[in-house]
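Next up, coords_16.cif (mmCIF, C-alpha atoms):
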data_start
loop_
_atom_site.label_atom_id
_atom_site.label_comp_id
_atom_site.auth_asym_id
_atom_site.auth_seq_id
_atom_site.Cartn_x
_atom_site.Cartn_y
_atom_site.Cartn_z
CA MET G 1 0.00 0.00 0.00
CA LYS G 2 2.80 2.35 0.98
CA LEU G 3 4.64 1.52 -2.23
CA SER G 4 1.53 2.16 -4.31
CA VAL G 5 0.96 5.62 -2.78
CA SER G 6 4.56 6.68 -3.29
CA ARG G 7 4.36 5.41 -6.84
CA GLU G 8 1.28 7.50 -7.54
CA VAL G 9 2.93 10.57 -6.04
CA ALA G 10 6.01 10.00 -8.21
CA VAL G 11 3.87 9.58 -11.34
CA SER G 12 1.84 12.70 -10.52
CA LEU G 13 4.97 14.76 -9.97
CA SER G 14 6.61 13.60 -13.17
CA PHE G 15 3.38 14.25 -15.08
CA LEU G 16 3.14 17.74 -13.62
CA LEU G 17 6.74 18.55 -14.51
CA PHE G 18 6.42 17.12 -18.00
CA GLY G 19 3.08 18.88 -18.57
CA ALA G 20 4.49 22.19 -17.38
CA GLY G 21 7.44 21.73 -19.76
CA VAL G 22 5.15 21.00 -22.71
CA PHE G 23 2.88 23.96 -21.96
CA TYR G 24 5.85 26.28 -21.56
CA SER G 25 7.23 25.13 -24.95
CA ILE G 26 3.85 25.61 -26.66
CA TYR G 27 3.44 29.06 -25.10
CA SER G 28 6.82 30.33 -26.22
CA ILE G 29 6.88 28.67 -29.65
CA GLU G 30 7.24 30.97 -32.65
CA VAL G 31 7.20 29.91 -36.30
CA VAL G 32 8.01 32.42 -39.02
CA GLU G 33 7.41 31.84 -42.72
CA GLY G 34 11.02 32.81 -43.48
CA VAL G 35 12.42 30.44 -46.07
CA ASN G 36 8.92 29.48 -47.21
CA ALA G 37 8.13 33.04 -48.21
CA ILE G 38 11.24 33.25 -50.43
CA TYR G 39 10.92 29.88 -52.13
CA THR G 40 7.23 30.31 -52.79
CA HIS G 41 7.96 33.19 -55.12
CA ILE G 42 10.69 31.59 -57.20
CA LYS G 43 9.82 27.88 -57.21
CA ILE G 44 6.81 25.99 -58.44
CA VAL G 45 6.83 23.97 -55.23
CA PRO G 46 5.65 25.32 -51.89
CA ASN G 47 9.00 25.15 -50.12
CA PHE G 48 12.51 23.80 -50.34
CA VAL G 49 11.92 20.77 -48.11
CA SER G 50 9.01 19.62 -50.27
CA ALA G 51 11.11 20.20 -53.37
CA VAL G 52 13.96 18.10 -52.01
CA LEU G 53 11.79 15.38 -50.50
CA PHE G 54 9.23 14.83 -53.22
CA ASP G 55 10.08 16.81 -56.32
CA TRP G 56 13.76 15.98 -56.66
CA ARG G 57 14.00 12.88 -54.52
CA GLY G 58 10.65 11.22 -55.09
CA PHE G 59 12.39 7.93 -55.85
CA ASP G 60 14.36 8.21 -52.62
CA THR G 61 11.13 8.55 -50.63
CA LEU G 62 9.71 5.60 -52.52
CA GLY G 63 12.83 3.61 -51.54
CA GLU G 64 12.40 4.62 -47.89
CA CYS G 65 8.84 3.30 -48.03
CA LEU G 66 10.10 0.02 -49.42
CA ILE G 67 12.62 -0.21 -46.57
CA LEU G 68 9.70 0.05 -44.14
CA ILE G 69 7.79 -2.64 -46.04
CA ASN G 70 10.86 -4.86 -45.80
CA SER G 71 11.24 -4.26 -42.08
CA VAL G 72 7.57 -5.17 -41.52
CA LEU G 73 8.03 -8.32 -43.58
CA VAL G 74 11.13 -9.34 -41.65
CA THR G 75 9.44 -8.67 -38.30
CA GLY G 76 6.51 -10.73 -39.53
CA ILE G 77 8.79 -13.58 -40.46
CA VAL G 78 10.67 -13.53 -37.18
CA PHE G 79 7.85 -12.83 -34.72
CA GLY G 80 4.66 -13.54 -36.65
CA LYS G 81 3.23 -16.50 -38.44
CA GLY G 82 6.69 -17.49 -39.57
CA LEU G 83 7.75 -18.27 -36.00
CA PHE G 84 9.28 -21.64 -36.74
CA ASN G 85 9.66 -23.13 -33.31
CA TRP G 86 7.15 -22.40 -30.59
CA ASP G 87 7.71 -25.40 -28.37
CA PHE G 88 9.48 -23.28 -25.78
CA LEU G 89 6.60 -20.80 -25.79
CA LYS G 90 4.18 -23.49 -24.66
CA GLU G 91 5.86 -23.42 -21.28
CA VAL G 92 5.46 -19.65 -21.06
CA TYR G 93 2.02 -19.17 -22.55
CA GLY G 94 0.58 -22.66 -22.10
CA GLU G 95 -0.20 -22.39 -18.41
CA GLU G 96 -3.79 -21.82 -17.46
CA LYS G 97 -2.83 -18.99 -15.12
CA CYS G 98 -1.27 -17.03 -17.94
CA LYS G 99 -3.93 -14.56 -19.05
CA ASP G 100 -3.99 -11.02 -20.27
CA SER G 101 -3.46 -9.85 -16.74
CA ASP G 102 -3.64 -6.28 -15.53
CA LEU G 103 -0.07 -5.26 -14.90
CA GLY G 104 -1.14 -2.63 -12.43
CA PHE G 105 -0.83 0.66 -14.21
CA THR G 106 -1.94 3.56 -12.11
CA PRO G 107 -5.32 5.19 -12.90
CA ILE G 108 -3.40 8.24 -14.10
CA VAL G 109 -1.98 6.28 -17.03
CA LYS G 110 -5.30 4.66 -17.88
CA VAL G 111 -7.34 7.85 -17.63
CA LEU G 112 -4.89 9.84 -19.71
CA ALA G 113 -4.14 7.21 -22.37
CA VAL G 114 -7.38 7.60 -24.35
CA PRO G 115 -7.59 11.43 -24.50
CA MET G 116 -3.90 11.69 -25.26
CA GLY G 117 -4.24 8.99 -27.92
CA VAL G 118 -7.16 10.81 -29.57
CA LEU G 119 -5.37 14.17 -29.55
CA LEU G 120 -2.16 12.54 -30.81
CA MET G 121 -4.09 11.02 -33.72
CA ALA G 122 -5.59 14.41 -34.66
CA LEU G 123 -2.14 16.00 -34.37
CA GLY G 124 -0.71 13.23 -36.55
CA ILE G 125 -3.30 13.95 -39.26
CA LEU G 126 -2.46 17.67 -39.04
CA VAL G 127 1.27 16.95 -39.39
CA ILE G 128 0.64 14.70 -42.41
CA LEU G 129 -1.60 17.26 -44.14
CA GLY G 130 0.61 20.25 -43.35
CA GLY G 131 3.74 18.42 -44.51
CA HIS G 132 4.11 20.54 -47.65
CA ILE G 133 4.08 23.92 -45.87
CA THR G 134 5.38 23.17 -42.38
CA PRO G 135 8.05 20.94 -40.87
CA GLY G 136 6.67 17.44 -40.71
CA GLY G 137 5.12 15.21 -43.31
CA GLY G 138 4.03 11.66 -43.84
CA PHE G 139 6.73 9.94 -41.81
CA GLN G 140 6.35 12.13 -38.75
CA GLY G 141 2.56 12.20 -38.82
CA GLY G 142 2.31 8.45 -39.36
CA ALA G 143 4.69 7.88 -36.46
CA LEU G 144 2.54 10.14 -34.22
CA ILE G 145 -0.64 8.19 -34.99
CA SER G 146 1.22 4.95 -34.45
CA ALA G 147 2.47 6.31 -31.10
CA ALA G 148 -1.16 6.86 -30.07
CA TYR G 149 -1.86 3.21 -30.82
CA VAL G 150 1.21 2.04 -28.91
CA LEU G 151 0.21 4.21 -25.94
CA ALA G 152 -3.26 2.65 -25.83
CA MET G 153 -1.77 -0.84 -26.19
CA VAL G 154 0.71 -0.31 -23.37
CA ALA G 155 -1.91 1.18 -21.03
CA PHE G 156 -4.75 -1.28 -21.62
CA GLY G 157 -3.19 -4.43 -23.02
CA VAL G 158 -4.03 -6.21 -26.25
CA ARG G 159 -7.56 -7.36 -25.51
CA ARG G 160 -8.94 -4.23 -23.87
CA CYS G 161 -7.19 -1.74 -26.14
CA PRO G 162 -9.69 1.03 -27.04
CA ILE G 163 -7.99 1.64 -30.39
CA ARG G 164 -8.66 -1.47 -32.46
CA PHE G 165 -6.34 -1.48 -35.44
CA THR G 166 -6.93 -4.99 -36.68
CA TYR G 167 -4.26 -6.74 -38.69
CA LYS G 168 -6.50 -6.68 -41.77
CA PHE G 169 -7.15 -2.94 -41.42
CA LEU G 170 -3.43 -2.21 -41.10
CA GLU G 171 -2.71 -4.42 -44.09
CA SER G 172 -5.26 -2.53 -46.21
CA LEU G 173 -3.89 0.85 -45.06
CA GLU G 174 -0.35 -0.14 -45.90
CA SER G 175 -1.31 -1.45 -49.32
CA PHE G 176 -3.42 1.65 -50.01
CA GLY G 177 -0.58 4.00 -49.00
CA ALA G 178 1.99 2.23 -51.14
CA LEU G 179 -0.39 1.96 -54.12
CA LEU G 180 -1.35 5.65 -53.85
CA PHE G 181 2.33 6.62 -54.08
CA LEU G 182 2.99 4.32 -57.04
CA ILE G 183 -0.19 5.30 -58.93
CA LEU G 184 0.49 9.03 -58.47
CA GLY G 185 3.97 8.39 -59.86
CA LEU G 186 2.42 6.65 -62.87
CA LEU G 187 -0.02 9.55 -63.33
CA GLY G 188 2.97 11.87 -63.71
CA MET G 189 4.39 9.51 -66.30
CA VAL G 190 1.13 9.47 -68.28
CA LEU G 191 0.69 13.24 -68.23
CA SER G 192 4.29 14.40 -68.65
CA GLY G 193 6.47 11.43 -69.45
CA TYR G 194 8.36 11.55 -66.14
CA TYR G 195 7.71 9.19 -63.26
CA LEU G 196 6.63 11.00 -60.06
CA TYR G 197 6.39 14.31 -61.93
CA ASN G 198 4.73 16.96 -59.77
CA ILE G 199 1.58 17.71 -61.76
CA ARG G 200 0.53 21.34 -61.33
CA GLU G 201 -2.95 21.00 -62.76
CA ILE G 202 -5.18 18.47 -64.45
CA TRP G 203 -7.46 20.06 -67.09
CA GLY G 204 -6.97 23.42 -65.44
CA ILE G 205 -7.87 22.18 -61.95
CA PRO G 206 -5.14 22.00 -59.27
CA PRO G 207 -5.01 18.50 -57.73
CA PHE G 208 -4.93 19.91 -54.17
CA PRO G 209 -6.66 23.32 -53.88
CA SER G 210 -4.54 25.60 -51.66
CA PRO G 211 -4.78 29.24 -50.61
CA PRO G 212 -3.04 31.91 -52.69
CA GLY G 213 0.61 32.34 -51.80
CA VAL G 214 1.36 28.67 -51.21
CA GLY G 215 2.24 28.09 -54.86
CA ASP G 216 1.51 25.01 -56.89
CA VAL G 217 1.63 22.20 -54.39
CA GLY G 218 0.64 19.68 -57.04
CA ILE G 219 0.44 16.12 -55.82
CA ILE G 220 2.80 16.56 -52.85
CA PRO G 221 0.03 16.47 -50.17
CA TYR G 222 -1.30 13.23 -51.65
CA LEU G 223 2.19 11.73 -51.61
CA ASN G 224 2.41 12.82 -47.96
CA ILE G 225 -0.90 11.09 -47.20
CA GLY G 226 0.29 7.92 -48.94
CA VAL G 227 3.56 7.90 -46.98
CA GLY G 228 1.71 8.74 -43.75
CA LEU G 229 -0.74 5.87 -44.08
CA LYS G 230 2.10 3.53 -44.94
CA VAL G 231 4.24 4.55 -41.97
CA LEU G 232 1.27 4.42 -39.60
CA ALA G 233 0.34 0.96 -40.80
CA GLY G 234 3.95 -0.25 -40.87
CA LEU G 235 4.85 0.84 -37.34
CA SER G 236 1.52 -0.37 -35.92
CA THR G 237 1.95 -3.74 -37.63
CA ILE G 238 5.41 -4.08 -36.11
CA THR G 239 3.88 -3.30 -32.69
CA VAL G 240 1.19 -5.93 -33.18
CA LEU G 241 3.77 -8.48 -34.27
CA LEU G 242 6.14 -7.72 -31.41
CA LEU G 243 3.32 -8.04 -28.89
CA SER G 244 2.63 -11.28 -30.73
CA GLN G 245 0.42 -12.73 -28.02
CA ARG G 246 -2.47 -13.45 -30.36
CA ILE G 247 -0.37 -15.26 -32.92
CA ILE G 248 1.49 -17.25 -30.29
CA SER G 249 -1.77 -18.23 -28.59
CA LYS G 250 -3.12 -19.33 -31.96
CA ASN G 251 0.00 -21.32 -32.76
CA ILE G 252 -0.04 -23.23 -29.49
CA GLY G 253 -3.74 -23.98 -29.91
CA LYS G 254 -5.21 -21.63 -27.32
CA GLY G 255 -6.44 -18.81 -29.56
CA MET D 1 -13.34 29.24 -50.16
CA ILE D 2 -12.71 25.68 -51.29
CA GLU D 3 -8.95 26.33 -51.35
CA TYR D 4 -9.06 27.15 -47.63
CA LEU D 5 -11.36 24.32 -46.57
CA PHE D 6 -10.05 21.50 -48.76
CA LEU D 7 -7.24 20.60 -46.35
CA PRO D 8 -9.43 20.60 -43.20
CA PHE D 9 -12.03 18.42 -44.93
CA THR D 10 -9.35 15.99 -46.11
CA GLY D 11 -8.28 15.81 -42.47
CA MET D 12 -11.87 15.14 -41.48
CA ILE D 13 -12.07 12.18 -43.87
CA LEU D 14 -8.79 10.74 -42.56
CA GLY D 15 -10.03 11.32 -39.01
CA PHE D 16 -13.29 9.55 -39.76
CA ILE D 17 -11.45 6.49 -41.09
CA LEU D 18 -9.27 6.33 -37.96
CA GLY D 19 -12.14 7.24 -35.60
CA ARG D 20 -14.08 4.19 -36.73
CA ARG D 21 -11.34 2.13 -35.02
CA ILE D 22 -11.75 3.75 -31.59
CA THR D 23 -14.24 1.76 -29.56
CA ALA D 24 -14.12 3.77 -26.33
CA LYS D 25 -17.05 6.09 -25.69
CA LEU D 26 -15.63 9.57 -26.21
CA ASN D 27 -17.23 12.60 -24.59
CA ILE D 28 -17.87 14.83 -27.61
CA TRP D 29 -18.18 18.19 -25.81
CA PHE D 30 -14.99 17.59 -23.81
CA TYR D 31 -12.98 16.78 -26.93
CA LEU D 32 -14.44 19.70 -28.88
CA LEU D 33 -13.50 22.09 -26.08
CA VAL D 34 -10.00 20.63 -25.78
CA GLY D 35 -9.75 20.68 -29.60
CA VAL D 36 -10.53 24.41 -29.71
CA VAL D 37 -7.96 25.15 -26.99
CA VAL D 38 -5.23 22.99 -28.58
CA GLY D 39 -6.12 24.35 -32.04
CA TYR D 40 -5.77 27.90 -30.72
CA LEU D 41 -2.40 27.10 -29.15
CA LEU D 42 -1.18 25.36 -32.31
CA GLY D 43 -2.26 28.26 -34.52
CA PRO D 44 -3.27 27.92 -38.17
CA LEU D 45 -1.00 26.47 -40.82
CA PRO D 46 1.03 29.07 -42.74
CA TYR D 47 -1.02 30.82 -45.49
CA TYR D 48 -4.28 29.69 -43.89
CA ASN D 49 -5.71 32.82 -42.31
CA PHE D 50 -7.85 31.25 -39.63
CA PRO D 51 -8.03 32.28 -35.98
CA LEU D 52 -7.12 28.73 -34.94
CA SER D 53 -5.99 25.47 -36.51
CA TYR D 54 -9.14 24.37 -38.35
CA SER D 55 -7.20 21.41 -39.74
CA PHE D 56 -6.66 20.07 -36.21
CA LEU D 57 -10.25 20.81 -35.19
CA PHE D 58 -11.75 19.16 -38.27
CA SER D 59 -9.48 16.12 -37.91
CA LEU D 60 -10.66 15.78 -34.33
CA LEU D 61 -14.26 16.24 -35.47
CA GLY D 62 -13.75 13.46 -38.03
CA LEU D 63 -12.35 11.21 -35.29
CA LEU D 64 -15.37 11.91 -33.09
CA LEU D 65 -17.84 11.34 -35.92
CA GLY D 66 -16.13 8.06 -36.79
CA ASN D 67 -16.26 7.08 -33.14
CA LEU D 68 -19.99 7.94 -32.97
CA THR D 69 -20.73 5.34 -35.64
CA VAL D 70 -19.03 2.46 -33.87
CA ARG D 71 -18.78 3.15 -30.15
CA GLU D 72 -20.10 0.73 -27.58
CA LYS D 73 -23.52 1.63 -26.21
#
Can you present the structure in this file as structure tokens?
Amino acid sequence: MKLSVSREVAVSLSFLLFGAGVFYSIYSIEVVEGVNAIYTHIKIVPNFVSAVLFDWRGFDTLGECLILINSVLVTGIVFGKGLFNWDFLKEVYGEEKCKDSDLGFTPIVKVLAVPMGVLLMALGILVILGGHITPGGGFQGGALISAAYVLAMVAFGVRRCPIRFTYKFLESLESFGALLFLILGLLGMVLSGYYLYNIREIWGIPPFPSPPGVGDVGIIPYLNIGVGLKVLAGLSTITVLLLSQRIISKNIGKG
Amino acid sequence: MIEYLFLPFTGMILGFILGRRITAKLNIWFYLLVGVVVGYLLGPLPYYNFPLSYSFLFSLLGLLLGNLTVREK
């Protein structure tokens, strides 16, 4: 009992300190258009980072996505259905007592996990969508949404997790993200002859309507969304595979 | 007007897709209030002349709408 109280006090104090730090940072943050304002006037892309990431190095970003696909595949092989020898796991997971037990997180963690997860997801979407005019983009936004999922998983466990990203859903998201990137690349090839060409307009209509001053963003926001969905699905799939309880239970005949 | 609201509505669609995966019962008024405060602190995206981050607010709204369709009674 004594230990539990001191633990709660420690968690509360650390939360207070961390929260105060975050609020202080948000209060004193200042973003100026700076470089954006200059590049908008002389380039057809919204800013230099977008130009480097997607206009000039579109293939590089595509390669980075493929690296993530590979890492998910390898994790799947090692920890997922490809787990070749699960005899030793029977001893660990085979006992009747072994259930999805509550590991005793304090109410603070449980109460805060859902609201923080929801806000993190919204922030992740904002970072993905603002990737062409602000620091951020698909990778960062996808990682934020994935972090929300991991937070919920850690706080509530696999079975009672309030964010239910099923394996099938993640698989569809990952495929959709990768296909979106590839198909947009092909669209550039059809319309201009160059793969991943940043199309400024299709029949006079800009692909992503943006306010005046941003410039021609072309297909960059869509590429960001594709990368974001892929990263979100990839990292979440790795989390599911590393938790691996469901697959292991299935393999040893308890699922 | 569409050029200003296209990004927030895209966020709303993405939010709706993700919100359909949240099964917890979310208190809509609480999240809207927190969303307005966080959106105000975040500020709008550059070139979007809004008083607060509508992209964040609409994404959150999409999440809540998605959650409304699936949440446990």
Let me know the residues the PyMOL selection byres ((chain D and resi 55) around 12) catches in the file above, as JSON, numbers by chain. {"G": [122, 123, 124, 125, 126, 127, 128, 129, 130], "D": [4, 5, 6, 7, 8, 9, 10, 11, 12, 13, 14, 15, 35, 36, 38, 39, 40, 42, 43, 44, 45, 46, 48, 49, 50, 51, 52, 53, 54, 56, 57, 58, 59, 60, 61, 62]}
Identify all residues satisfying the PyMOL selection byres ((chain G) within 10 of (chain D)) in the given file; provide them as a short mmCIF file (atom, residue, chain, number, x, y, z; two decimals) with C-alpha atoms, keeping the file's coordinate frame.
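After the write, part08.cif holds the following:
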data_model
loop_
_atom_site.label_atom_id
_atom_site.label_comp_id
_atom_site.auth_asym_id
_atom_site.auth_seq_id
_atom_site.Cartn_x
_atom_site.Cartn_y
_atom_site.Cartn_z
CA PHE G 23 2.88 23.96 -21.96
CA ILE G 26 3.85 25.61 -26.66
CA TYR G 27 3.44 29.06 -25.10
CA ILE G 29 6.88 28.67 -29.65
CA VAL G 31 7.20 29.91 -36.30
CA VAL G 32 8.01 32.42 -39.02
CA GLU G 33 7.41 31.84 -42.72
CA ASN G 36 8.92 29.48 -47.21
CA ALA G 37 8.13 33.04 -48.21
CA VAL G 114 -7.38 7.60 -24.35
CA PRO G 115 -7.59 11.43 -24.50
CA GLY G 117 -4.24 8.99 -27.92
CA VAL G 118 -7.16 10.81 -29.57
CA LEU G 119 -5.37 14.17 -29.55
CA LEU G 120 -2.16 12.54 -30.81
CA MET G 121 -4.09 11.02 -33.72
CA ALA G 122 -5.59 14.41 -34.66
CA LEU G 123 -2.14 16.00 -34.37
CA GLY G 124 -0.71 13.23 -36.55
CA ILE G 125 -3.30 13.95 -39.26
CA LEU G 126 -2.46 17.67 -39.04
CA VAL G 127 1.27 16.95 -39.39
CA ILE G 128 0.64 14.70 -42.41
CA LEU G 129 -1.60 17.26 -44.14
CA GLY G 130 0.61 20.25 -43.35
CA ILE G 133 4.08 23.92 -45.87
CA THR G 134 5.38 23.17 -42.38
CA ILE G 145 -0.64 8.19 -34.99
CA TYR G 149 -1.86 3.21 -30.82
CA ARG G 160 -8.94 -4.23 -23.87
CA CYS G 161 -7.19 -1.74 -26.14
CA PRO G 162 -9.69 1.03 -27.04
CA ILE G 163 -7.99 1.64 -30.39
CA ARG G 164 -8.66 -1.47 -32.46
CA PHE G 165 -6.34 -1.48 -35.44
CA THR G 166 -6.93 -4.99 -36.68
CA PHE G 169 -7.15 -2.94 -41.42
CA PRO G 206 -5.14 22.00 -59.27
CA PHE G 208 -4.93 19.91 -54.17
CA PRO G 209 -6.66 23.32 -53.88
CA SER G 210 -4.54 25.60 -51.66
CA PRO G 211 -4.78 29.24 -50.61
CA PRO G 212 -3.04 31.91 -52.69
CA GLY G 213 0.61 32.34 -51.80
CA VAL G 214 1.36 28.67 -51.21
CA PRO G 221 0.03 16.47 -50.17
CA ILE G 225 -0.90 11.09 -47.20
CA LEU G 229 -0.74 5.87 -44.08
#
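Between CA of Tyr167 in chain G and CA of Ile28 in chain D the separation is 27.8 Å.
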In Å, rounded to a single decimal, give me how far CA of Phe59 in chain G is from CA of Ser192 in chain G. 16.5 Å
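You will find CA of Leu173 in chain G at 24.4 Å from CA of Ile199 in chain G.
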